[in-house]
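Asker: Got upload-v2.cif for you, mmCIF, C-alpha atoms and all ligand atoms:
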```cif
data_my_file
loop_
_atom_site.label_atom_id
_atom_site.label_comp_id
_atom_site.auth_asym_id
_atom_site.auth_seq_id
_atom_site.Cartn_x
_atom_site.Cartn_y
_atom_site.Cartn_z
CA MET A 96 -2.10 42.43 84.00
CA SER A 97 -2.87 45.35 81.67
CA VAL A 98 -0.80 45.62 78.54
CA LEU A 99 0.77 48.92 79.62
CA SER A 100 1.74 47.54 83.04
CA GLN A 101 3.80 44.90 81.20
CA PHE A 102 6.09 47.72 80.06
CA ASP A 103 6.42 49.19 83.57
CA VAL A 104 10.03 49.29 84.85
CA ARG A 105 9.32 51.57 87.82
CA GLY A 106 11.41 50.54 90.82
CA ARG A 107 13.61 48.20 88.78
CA SER A 108 17.34 48.81 88.64
CA ALA A 109 19.37 48.93 85.43
CA LEU A 110 23.07 49.18 84.60
CA VAL A 111 24.25 50.32 81.17
CA THR A 112 27.79 50.09 79.74
CA GLY A 113 28.97 52.70 77.24
CA ALA A 114 26.25 55.01 78.60
CA ALA A 115 28.00 58.36 78.14
CA SER A 116 27.05 58.60 74.47
CA GLY A 117 24.88 57.37 71.63
CA ILE A 118 22.82 54.20 71.90
CA GLY A 119 23.89 53.43 75.49
CA LEU A 120 22.83 56.89 76.60
CA ALA A 121 19.46 56.35 74.91
CA TYR A 122 19.03 53.05 76.80
CA ALA A 123 19.85 54.82 80.09
CA GLU A 124 17.39 57.62 79.29
CA ALA A 125 14.68 55.10 78.38
CA MET A 126 15.16 53.28 81.68
CA ALA A 127 15.23 56.50 83.72
CA GLU A 128 12.18 57.92 81.92
CA GLY A 129 10.40 54.62 82.65
CA GLY A 130 11.08 55.09 86.36
CA ALA A 131 13.96 52.64 86.80
CA ARG A 132 17.01 53.47 88.93
CA VAL A 133 20.03 53.49 86.65
CA THR A 134 23.82 53.30 86.83
CA LEU A 135 25.42 54.89 83.78
CA THR A 136 28.88 53.38 83.26
CA ASP A 137 31.52 54.27 80.71
CA ILE A 138 35.30 54.32 80.24
CA ASP A 139 34.62 58.06 79.85
CA ALA A 140 33.91 58.67 83.55
CA GLU A 141 33.38 62.41 83.08
CA GLY A 142 30.88 61.85 80.29
CA ALA A 143 28.93 59.31 82.36
CA GLU A 144 28.81 61.68 85.34
CA ARG A 145 27.79 64.62 83.12
CA GLU A 146 24.84 62.68 81.66
CA ALA A 147 23.89 61.26 85.07
CA ALA A 148 23.86 64.78 86.55
CA ARG A 149 21.62 65.97 83.71
CA LEU A 150 19.19 63.09 84.30
CA ARG A 151 19.21 63.74 88.06
CA ASP A 152 18.35 67.39 87.34
CA GLU A 153 15.37 66.09 85.37
CA GLY A 154 14.25 64.24 88.52
CA HIS A 155 15.49 60.73 87.78
CA GLU A 156 17.26 58.41 90.22
CA VAL A 157 20.59 57.70 88.54
CA ARG A 158 24.27 57.33 89.42
CA ALA A 159 27.45 57.12 87.38
CA ALA A 160 30.57 54.95 87.54
CA ARG A 161 33.74 54.56 85.50
CA LEU A 162 33.83 51.12 83.88
CA ASP A 163 36.22 49.91 81.20
CA VAL A 164 34.50 46.75 79.96
CA THR A 165 37.85 45.06 79.37
CA ASP A 166 38.63 45.28 83.11
CA ARG A 167 37.19 42.34 85.10
CA ALA A 168 38.16 43.63 88.56
CA GLU A 169 36.54 46.99 87.83
CA HIS A 170 33.42 45.15 86.66
CA THR A 171 33.06 43.29 89.96
CA ALA A 172 33.45 46.49 92.00
CA VAL A 173 31.00 48.47 89.85
CA PHE A 174 28.34 45.73 89.86
CA ASP A 175 28.65 45.25 93.63
CA ALA A 176 28.29 49.00 94.19
CA HIS A 177 25.20 49.08 91.93
CA ALA A 178 23.60 46.18 93.84
CA ALA A 179 24.40 47.80 97.18
CA ALA A 180 22.93 51.15 96.08
CA TYR A 181 19.77 49.77 94.46
CA GLY A 182 19.20 46.45 96.26
CA GLY A 183 20.04 44.15 93.33
CA LEU A 184 20.23 44.23 89.54
CA ASP A 185 17.17 43.72 87.34
CA ILE A 186 18.32 44.91 83.91
CA VAL A 187 21.72 45.13 82.24
CA PHE A 188 22.69 46.55 78.85
CA ALA A 189 26.08 45.28 77.60
CA ASN A 190 26.43 48.02 75.06
CA ALA A 191 29.94 49.50 75.03
CA GLY A 192 31.58 49.12 71.65
CA ILE A 193 34.02 50.70 69.24
CA ASP A 194 34.48 50.95 65.53
CA PRO A 195 37.79 49.39 64.44
CA GLY A 196 38.40 51.86 61.62
CA ALA A 197 38.41 51.54 57.87
CA GLY A 198 37.02 48.50 56.08
CA PHE A 199 38.28 47.14 52.77
CA TRP A 200 36.13 49.65 50.85
CA ASN A 201 35.82 53.36 51.49
CA PRO A 202 32.33 54.95 51.30
CA ALA A 203 32.86 55.69 47.59
CA GLY A 204 33.40 51.96 46.95
CA HIS A 205 37.14 52.09 46.29
CA ARG A 206 39.61 49.75 47.95
CA ASN A 207 41.08 51.10 51.17
CA PRO A 208 44.82 50.32 51.51
CA GLU A 209 44.83 50.18 55.33
CA GLY A 210 41.56 48.22 55.57
CA GLN A 211 42.65 45.07 53.72
CA PHE A 212 42.75 41.79 55.63
CA ASP A 213 46.55 41.57 55.35
CA THR A 214 47.24 45.25 56.17
CA PHE A 215 44.64 45.84 58.91
CA ALA A 216 46.50 46.70 62.17
CA VAL A 217 46.47 43.67 64.50
CA GLU A 218 46.26 46.00 67.52
CA ARG A 219 42.90 47.17 66.21
CA TRP A 220 41.73 43.56 65.90
CA ASP A 221 42.79 42.82 69.50
CA ARG A 222 41.21 45.99 70.94
CA THR A 223 37.92 45.50 69.03
CA MET A 224 37.62 41.90 70.18
CA ALA A 225 38.48 42.87 73.77
CA ILE A 226 35.75 45.53 73.94
CA ASN A 227 33.05 44.39 71.49
CA LEU A 228 33.08 40.64 72.28
CA THR A 229 34.97 39.88 75.50
CA GLY A 230 33.56 43.06 77.06
CA VAL A 231 30.02 41.68 76.65
CA PHE A 232 31.15 38.38 78.21
CA ASN A 233 32.62 40.29 81.18
CA THR A 234 29.44 42.33 81.68
CA PHE A 235 27.06 39.37 81.37
CA ARG A 236 29.22 37.28 83.71
CA GLU A 237 28.84 39.86 86.47
CA ALA A 238 25.13 40.25 85.74
CA ALA A 239 24.62 36.46 85.97
CA ARG A 240 26.41 36.41 89.34
CA LEU A 241 23.88 38.91 90.74
CA MET A 242 20.74 37.82 88.87
CA LYS A 243 20.87 34.04 89.41
CA PRO A 244 20.24 34.21 93.18
CA GLN A 245 17.37 36.67 92.50
CA GLY A 246 15.76 34.22 90.05
CA ARG A 247 14.97 37.04 87.62
CA GLY A 248 16.54 39.57 85.31
CA SER A 249 16.88 40.85 81.77
CA MET A 250 20.21 41.01 79.93
CA ILE A 251 20.45 42.89 76.66
CA ALA A 252 23.51 43.18 74.41
CA THR A 253 23.98 45.60 71.56
CA SER A 254 25.04 43.45 68.63
CA SER A 255 24.60 44.85 65.10
CA ASN A 256 23.24 44.31 61.64
CA ALA A 257 26.88 43.45 61.03
CA ALA A 258 26.38 40.23 63.01
CA GLU A 259 24.34 38.92 60.07
CA ILE A 260 25.60 40.76 57.00
CA CYS A 261 29.02 41.94 55.82
CA GLU A 262 29.59 45.66 55.58
CA PRO A 263 32.72 46.27 53.45
CA ILE A 264 33.20 49.84 54.72
CA VAL A 265 33.40 48.65 58.34
CA GLY A 266 36.76 47.38 59.67
CA GLN A 267 37.55 43.66 59.76
CA ALA A 268 37.14 42.79 63.44
CA TYR A 269 33.68 44.33 63.83
CA MET A 270 31.66 41.64 62.00
CA PRO A 271 33.15 38.58 63.78
CA ALA A 272 32.90 40.36 67.16
CA LYS A 273 29.20 41.18 66.67
CA ALA A 274 28.42 37.72 65.25
CA GLY A 275 30.08 36.35 68.39
CA VAL A 276 27.85 38.52 70.59
CA ALA A 277 24.73 37.35 68.73
CA HIS A 278 25.63 33.71 69.25
CA MET A 279 26.71 34.23 72.87
CA VAL A 280 23.24 35.69 73.49
CA ARG A 281 21.49 32.66 71.92
CA HIS A 282 23.56 30.30 74.04
CA LEU A 283 23.13 32.27 77.25
CA ALA A 284 19.37 32.62 76.73
CA LEU A 285 19.11 28.83 76.77
CA GLU A 286 21.36 28.45 79.79
CA LEU A 287 19.82 31.16 81.99
CA ALA A 288 16.14 30.59 81.19
CA ALA A 289 16.01 28.09 84.07
CA TYR A 290 16.87 30.97 86.43
CA GLY A 291 14.14 33.28 85.12
CA ILE A 292 16.70 35.41 83.28
CA ARG A 293 15.97 36.56 79.73
CA VAL A 294 18.87 37.28 77.39
CA ASN A 295 18.42 39.23 74.14
CA ALA A 296 20.37 41.27 71.65
CA ILE A 297 19.39 44.45 69.89
CA ALA A 298 20.95 44.46 66.41
CA PRO A 299 20.88 48.07 65.22
CA GLY A 300 21.36 49.22 61.70
CA PRO A 301 23.24 52.51 61.27
CA PHE A 302 22.50 55.14 63.97
CA VAL A 303 23.89 58.67 64.22
CA THR A 304 26.18 58.54 67.28
CA ASN A 305 29.79 59.36 68.17
CA ILE A 306 31.08 55.93 67.09
CA GLY A 307 34.20 56.04 64.95
CA GLY A 308 34.69 59.69 65.88
CA GLY A 309 31.15 60.49 64.71
CA TRP A 310 31.88 59.44 61.11
CA LEU A 311 28.17 58.82 60.43
CA ARG A 312 27.63 62.59 60.88
CA ASP A 313 29.77 63.22 57.78
CA PRO A 314 27.31 64.04 54.95
CA GLN A 315 29.14 61.83 52.42
CA VAL A 316 29.28 58.81 54.75
CA ARG A 317 25.71 59.42 55.86
CA ALA A 318 24.49 59.54 52.25
CA ALA A 319 26.23 56.23 51.54
CA TRP A 320 24.47 54.61 54.52
CA ASP A 321 21.10 56.32 53.91
CA HIS A 322 21.16 54.70 50.49
CA LEU A 323 21.65 51.21 52.02
CA VAL A 324 18.64 51.46 54.37
CA PRO A 325 15.23 50.47 52.92
CA LEU A 326 13.57 53.43 54.70
CA GLY A 327 16.09 55.70 52.97
CA ARG A 328 17.58 57.18 56.15
CA ILE A 329 19.79 56.14 59.01
CA ALA A 330 18.35 56.27 62.50
CA ASP A 331 18.39 58.61 65.48
CA THR A 332 19.01 57.17 68.95
CA GLU A 333 15.56 58.27 70.18
CA GLN A 334 14.18 55.54 67.93
CA ILE A 335 15.81 52.69 69.87
CA LYS A 336 14.20 53.56 73.21
CA GLY A 337 10.92 51.70 72.67
CA LEU A 338 12.70 48.46 71.84
CA ALA A 339 14.98 48.87 74.86
CA LEU A 340 11.98 49.34 77.17
CA TYR A 341 10.20 46.34 75.64
CA LEU A 342 13.14 43.96 76.17
CA ALA A 343 13.95 45.31 79.64
CA SER A 344 10.38 45.03 80.93
CA ASP A 345 8.09 42.06 81.55
CA ALA A 346 6.61 42.65 78.09
CA GLY A 347 9.85 41.21 76.71
P1 LIG B 1 29.26 55.91 70.78
O1 LIG B 1 30.71 56.05 70.46
O2 LIG B 1 28.38 57.08 70.60
O3 LIG B 1 29.12 55.35 72.26
C1 LIG B 1 29.93 54.28 72.72
C2 LIG B 1 30.31 54.51 74.17
O4 LIG B 1 31.11 53.40 74.59
C3 LIG B 1 31.15 55.77 74.37
O5 LIG B 1 30.60 56.57 75.39
C4 LIG B 1 32.53 55.23 74.74
O6 LIG B 1 33.25 56.07 75.65
C5 LIG B 1 32.18 53.90 75.37
N1 LIG B 1 33.32 52.98 75.39
C6 LIG B 1 34.26 52.77 74.44
N2 LIG B 1 35.16 51.88 74.86
C7 LIG B 1 34.76 51.48 76.10
C8 LIG B 1 35.28 50.57 77.05
N3 LIG B 1 36.43 49.89 76.84
N4 LIG B 1 34.60 50.40 78.21
C9 LIG B 1 33.47 51.11 78.46
N5 LIG B 1 32.95 52.00 77.61
C10 LIG B 1 33.59 52.18 76.44
O7 LIG B 1 28.78 54.69 69.89
P2 LIG B 1 27.36 53.97 69.68
O8 LIG B 1 27.11 53.99 68.23
O9 LIG B 1 26.35 54.48 70.59
O10 LIG B 1 27.74 52.48 70.06
C11 LIG B 1 27.09 51.74 71.08
C12 LIG B 1 27.00 50.30 70.65
O11 LIG B 1 26.15 50.22 69.52
C13 LIG B 1 28.32 49.68 70.23
O12 LIG B 1 28.40 48.35 70.72
C14 LIG B 1 28.23 49.68 68.72
O13 LIG B 1 29.04 48.68 68.13
C15 LIG B 1 26.75 49.40 68.54
N6 LIG B 1 26.20 49.70 67.24
C16 LIG B 1 26.21 50.99 66.77
C17 LIG B 1 25.67 51.26 65.53
C18 LIG B 1 25.66 52.64 64.97
O14 LIG B 1 25.37 52.78 63.79
N7 LIG B 1 25.94 53.68 65.73
C19 LIG B 1 25.09 50.18 64.69
C20 LIG B 1 25.12 48.89 65.29
C21 LIG B 1 25.66 48.67 66.52
#
```
Show me the file's structure as C-alpha cells.
Answerer:
Amino acid sequence: MSVLSQFDVRGRSALVTGAASGIGLAYAEAMAEGGARVTLTDIDAEGAEREAARLRDEGHEVRAARLDVTDRAEHTAVFDAHAAAYGGLDIVFANAGIDPGAGFWNPAGHRNPEGQFDTFAVERWDRTMAINLTGVFNTFREAARLMKPQGRGSMIATSSNAAEICEPIVGQAYMPAKAGVAHMVRHLALELAAYGIRVNAIAPGPFVTNIGGGWLRDPQVRAAWDHLVPLGRIADTEQIKGLALYLASDAG
C-alpha cells in the first residue's frame, strides 16, 4: 500500500456534528475534498443545508440534516438515514460544542464577577455538559451501533487543549467537559479496538471560529490568545484539515 493511498477516503462515508461552522465545517470539507460522502449535521439546520449546498455545487456528494446532539431520538433517526443513504458509516466526528461564557478572569487578567465558581449560572453548567460531554456520548453511541457490525470505523471527537490545561478566561464547565471527552475517548478506544474501530480526539488550541459569538475575532481577545500560543498566533480552521484526514483514513 503506497503511503498516499493510506490517506485515501474516497468512497467512505462520514458524519459530522456541529458542521455548519468552524472546525466541524472544516472536517466536513476535508472529508468531501478527500472524496468521502458526507452528512453535515447541526442544530442550525439552515446553516448545515447552506454549507452542504455549497459543497454540492463544488461537485461533492454531501447531504445535510438537523441534529441537536442533546437529542437521542433525533440521533438515531439521523444516523439511520445516513446509513441508508450511504450504505453504512465509516467515519464520525463528534464535534458540536459551545463556549459556556466568561471564565474567572477577563482577557485583561482581571476577575470577572459573573465567571466565579459561586456566581457562574448553573444553567450554563448544565447546557455545556449536555452538549460538550453528553453530546459526544450520544454521537459515539449511535456510531458504535452502526460500526460494530461492520467491523470497522473511525470515531473522532473534538476535545480541547482545555482538557489538559486550565484556561482562566474560559467558563467553568468547559474544562471538565473536555477532560471528560478526552478520557471517554481513551476508554472507548480500548473497548472498540476488538471491533476494528479506532477512537481518537483532536485537542485544538485556539482557532478563529464562531464559538462564543465569534469572540476570538475580537482584536483584544485575539491578541491575548496569540500571546499564549508558542507560534505567536491562533489558528485558522484550514489548518486542522490534514489532521482530520489522517485520523479518518487508514493512515490513522
Ligand atoms: P463554532 O461555533 O464555529 O461551531 C460550532 C457548531 O456547533 C455551530 O455550527 C453550532 O450551531 C453547533 N452546535 C451548537 N450546539 C449544538 C447542538 N446542541 N447540537 C448540534 N450542533 C450544535 O465553534 P467551533 O470553534 O468550530 O467549535 C467546534 C468544536 O471545537 C467545539 O466542540 C469546541 O469546543 C471545539 N474547540 C474549539 C476551539 C476554538 O478555539 N475554536 C478550541 C478547542 C476546541
Asker: Just to confirm, what's the straight-line distance from CA of Cys261 (chain A) to atom C8 of ligand LIG 1 (chain B) in Å (one decimal)?
Answerer: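 Value for the CA of Cys261 (chain A)-atom C8 of ligand LIG 1 (chain B) distance: 23.8 Å.
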Asker: As an exercise, work out the distance from CA of Ala159 (chain A) to CA of Ala121 (chain A) in Å and give it to one decimal place.
Answerer: 14.8 Å
Asker: Write out as CSV the residues of region 118-156 of chain A that have any atom within 10 Å of an atom of region 188-192 of chain A, one row each with the nearest atom pair and its distance in Å to one decimal, counting all atoms listed in the file, sorted by chain and then rising number.
Answerer:
```
residue,atom,partner,partner_atom,distance
A:Ile118,CA,A:Asn190,CA,7.8
A:Gly119,CA,A:Asn190,CA,6.0
A:Leu120,CA,A:Asn190,CA,9.7
A:Tyr122,CA,A:Phe188,CA,7.7
A:Ala123,CA,A:Phe188,CA,8.8
A:Thr136,CA,A:Ala191,CA,9.2
A:Asp137,CA,A:Ala191,CA,7.6
A:Ile138,CA,A:Ala191,CA,8.9
```
Asker: Output C-alpha atoms for every residue in that selection, as a tab-separated table (two decimals), keeping the file's coordinate frame.
Answerer:
```tsv
chain	number	residue	atom	x	y	z
A	118	ILE	CA	22.82	54.20	71.90
A	119	GLY	CA	23.89	53.43	75.49
A	120	LEU	CA	22.83	56.89	76.60
A	122	TYR	CA	19.03	53.05	76.80
A	123	ALA	CA	19.85	54.82	80.09
A	136	THR	CA	28.88	53.38	83.26
A	137	ASP	CA	31.52	54.27	80.71
A	138	ILE	CA	35.30	54.32	80.24
```
Asker: For ligand LIG 1 (chain B), return the neighbouring residues as a VMD selection string (distance at most 6 Å; only C-alpha atoms and all ligand atoms).
Answerer: chain A and resid 112 to 119 137 to 139 162 to 165 190 to 193 226 253 to 255 299 to 306
Asker: Rounded to one decimal in Å, what is the spacing between CA of Gln267 (chain A) and CA of Asn207 (chain A)?
Answerer: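 Computing the Euclidean distance for CA of Gln267 (chain A) and CA of Asn207 (chain A) yields 11.9 Å.
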Asker: Give me, as a count of residues only, all polymer residues having an atom no more than 10 Å from Gln245 (chain A), counting only C-alpha atoms and skipping those fewer than 4 positions away in the same chain.
Answerer: 9
Asker: Can you list every residue of region 143-242 of chain A that has an atom at most 12 Å from region 312-329 of chain A, with its nearest atom pair and the distance in Å to one decimal, using all atoms listed in the file, ordered by chain then number, as CSV?
Answerer:
```
residue,atom,partner,partner_atom,distance
A:Trp200,CA,A:Ala319,CA,11.9
A:Asn201,CA,A:Val316,CA,9.1
A:Pro202,CA,A:Val316,CA,6.0
A:Ala203,CA,A:Ala319,CA,7.7
A:Gly204,CA,A:Ala319,CA,9.5
```
Asker: If we count only C-alpha atoms, what is near region 335-344 of chain A at a cut-off of 10 Å, once residues fewer than 2 positions away on the same chain are taken out, given as a PyMOL selection string?
Answerer: chain A and resi 100-105+107+109+118-126+128-129+185-188+248-251+293-297+299+302+330-333+346-347
Asker: Could you save the residues just selected, with C-alpha atoms, as a CSV table (one decimal), in the frame of the given file?
Answerer:
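Saved as again_28.csv:
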```csv
chain,number,residue,atom,x,y,z
A,100,SER,CA,1.7,47.5,83.0
A,101,GLN,CA,3.8,44.9,81.2
A,102,PHE,CA,6.1,47.7,80.1
A,103,ASP,CA,6.4,49.2,83.6
A,104,VAL,CA,10.0,49.3,84.8
A,105,ARG,CA,9.3,51.6,87.8
A,107,ARG,CA,13.6,48.2,88.8
A,109,ALA,CA,19.4,48.9,85.4
A,118,ILE,CA,22.8,54.2,71.9
A,119,GLY,CA,23.9,53.4,75.5
A,120,LEU,CA,22.8,56.9,76.6
A,121,ALA,CA,19.5,56.4,74.9
A,122,TYR,CA,19.0,53.0,76.8
A,123,ALA,CA,19.8,54.8,80.1
A,124,GLU,CA,17.4,57.6,79.3
A,125,ALA,CA,14.7,55.1,78.4
A,126,MET,CA,15.2,53.3,81.7
A,128,GLU,CA,12.2,57.9,81.9
A,129,GLY,CA,10.4,54.6,82.6
A,185,ASP,CA,17.2,43.7,87.3
A,186,ILE,CA,18.3,44.9,83.9
A,187,VAL,CA,21.7,45.1,82.2
A,188,PHE,CA,22.7,46.6,78.8
A,248,GLY,CA,16.5,39.6,85.3
A,249,SER,CA,16.9,40.8,81.8
A,250,MET,CA,20.2,41.0,79.9
A,251,ILE,CA,20.4,42.9,76.7
A,293,ARG,CA,16.0,36.6,79.7
A,294,VAL,CA,18.9,37.3,77.4
A,295,ASN,CA,18.4,39.2,74.1
A,296,ALA,CA,20.4,41.3,71.6
A,297,ILE,CA,19.4,44.4,69.9
A,299,PRO,CA,20.9,48.1,65.2
A,302,PHE,CA,22.5,55.1,64.0
A,330,ALA,CA,18.4,56.3,62.5
A,331,ASP,CA,18.4,58.6,65.5
A,332,THR,CA,19.0,57.2,69.0
A,333,GLU,CA,15.6,58.3,70.2
A,346,ALA,CA,6.6,42.6,78.1
A,347,GLY,CA,9.8,41.2,76.7
```
Asker: Region 220-224 of chain A: which residues within 12 Å, counting all atoms listed in the file, same-chain residues fewer than 3 positions away excluded, as number ranges by chain?
Answerer: A: 164-165, 191-198, 210, 212-217, 227-232, 266-276, 307
Asker: Pull C-alpha atoms from the residues just selected and write them as a short mmCIF file (atom, residue, chain, number, x, y, z; two decimals), keeping the file's coordinate frame.
Answerer:
```
data_model
loop_
_atom_site.label_atom_id
_atom_site.label_comp_id
_atom_site.auth_asym_id
_atom_site.auth_seq_id
_atom_site.Cartn_x
_atom_site.Cartn_y
_atom_site.Cartn_z
CA VAL A 164 34.50 46.75 79.96
CA THR A 165 37.85 45.06 79.37
CA ALA A 191 29.94 49.50 75.03
CA GLY A 192 31.58 49.12 71.65
CA ILE A 193 34.02 50.70 69.24
CA ASP A 194 34.48 50.95 65.53
CA PRO A 195 37.79 49.39 64.44
CA GLY A 196 38.40 51.86 61.62
CA ALA A 197 38.41 51.54 57.87
CA GLY A 198 37.02 48.50 56.08
CA GLY A 210 41.56 48.22 55.57
CA PHE A 212 42.75 41.79 55.63
CA ASP A 213 46.55 41.57 55.35
CA THR A 214 47.24 45.25 56.17
CA PHE A 215 44.64 45.84 58.91
CA ALA A 216 46.50 46.70 62.17
CA VAL A 217 46.47 43.67 64.50
CA ASN A 227 33.05 44.39 71.49
CA LEU A 228 33.08 40.64 72.28
CA THR A 229 34.97 39.88 75.50
CA GLY A 230 33.56 43.06 77.06
CA VAL A 231 30.02 41.68 76.65
CA PHE A 232 31.15 38.38 78.21
CA GLY A 266 36.76 47.38 59.67
CA GLN A 267 37.55 43.66 59.76
CA ALA A 268 37.14 42.79 63.44
CA TYR A 269 33.68 44.33 63.83
CA MET A 270 31.66 41.64 62.00
CA PRO A 271 33.15 38.58 63.78
CA ALA A 272 32.90 40.36 67.16
CA LYS A 273 29.20 41.18 66.67
CA ALA A 274 28.42 37.72 65.25
CA GLY A 275 30.08 36.35 68.39
CA VAL A 276 27.85 38.52 70.59
CA GLY A 307 34.20 56.04 64.95
#
```
Asker: Might you pull out every residue within 9 Å of Tyr181 (chain A), with all atoms listed in the file counted and same-chain residues fewer than 4 positions away left off, and present them as a short mmCIF file (atom, residue, chain, number, x, y, z; two decimals) with C-alpha atoms, keeping the file's coordinate frame?
Answerer:
```cif
data_model
loop_
_atom_site.label_atom_id
_atom_site.label_comp_id
_atom_site.auth_asym_id
_atom_site.auth_seq_id
_atom_site.Cartn_x
_atom_site.Cartn_y
_atom_site.Cartn_z
CA ARG A 107 13.61 48.20 88.78
CA SER A 108 17.34 48.81 88.64
CA ARG A 132 17.01 53.47 88.93
CA VAL A 133 20.03 53.49 86.65
CA ALA A 176 28.29 49.00 94.19
CA HIS A 177 25.20 49.08 91.93
#
```
Asker: Residues within 7 Å of (29.4, 56.6, 85.4), file coordinates, counting all atoms listed in the file: what are they? Give the list as a PyMOL selection string.
Answerer: chain A and resi 134-137+140+143-144+158-161
Asker: Check the smallest atom-to-atom distance from each of A:Leu311, A:Ala127, A:Ala148, A:Ala252 to Thr234 (chain A) using all atoms listed in the file, then report the winner.
Answerer: A:Ala252
Asker: Please enclose the listed atoms of region 130-141 of chain A in an axis-aligned box, pad each side by 5 Å, and write out the centre and the three edge lengths in Å, rounded to one decimal, as JSON.
Answerer:
```
{"center_x": 23.2, "center_y": 57.5, "center_z": 84.4, "size_x": 34.2, "size_y": 19.8, "size_z": 19.1}
```
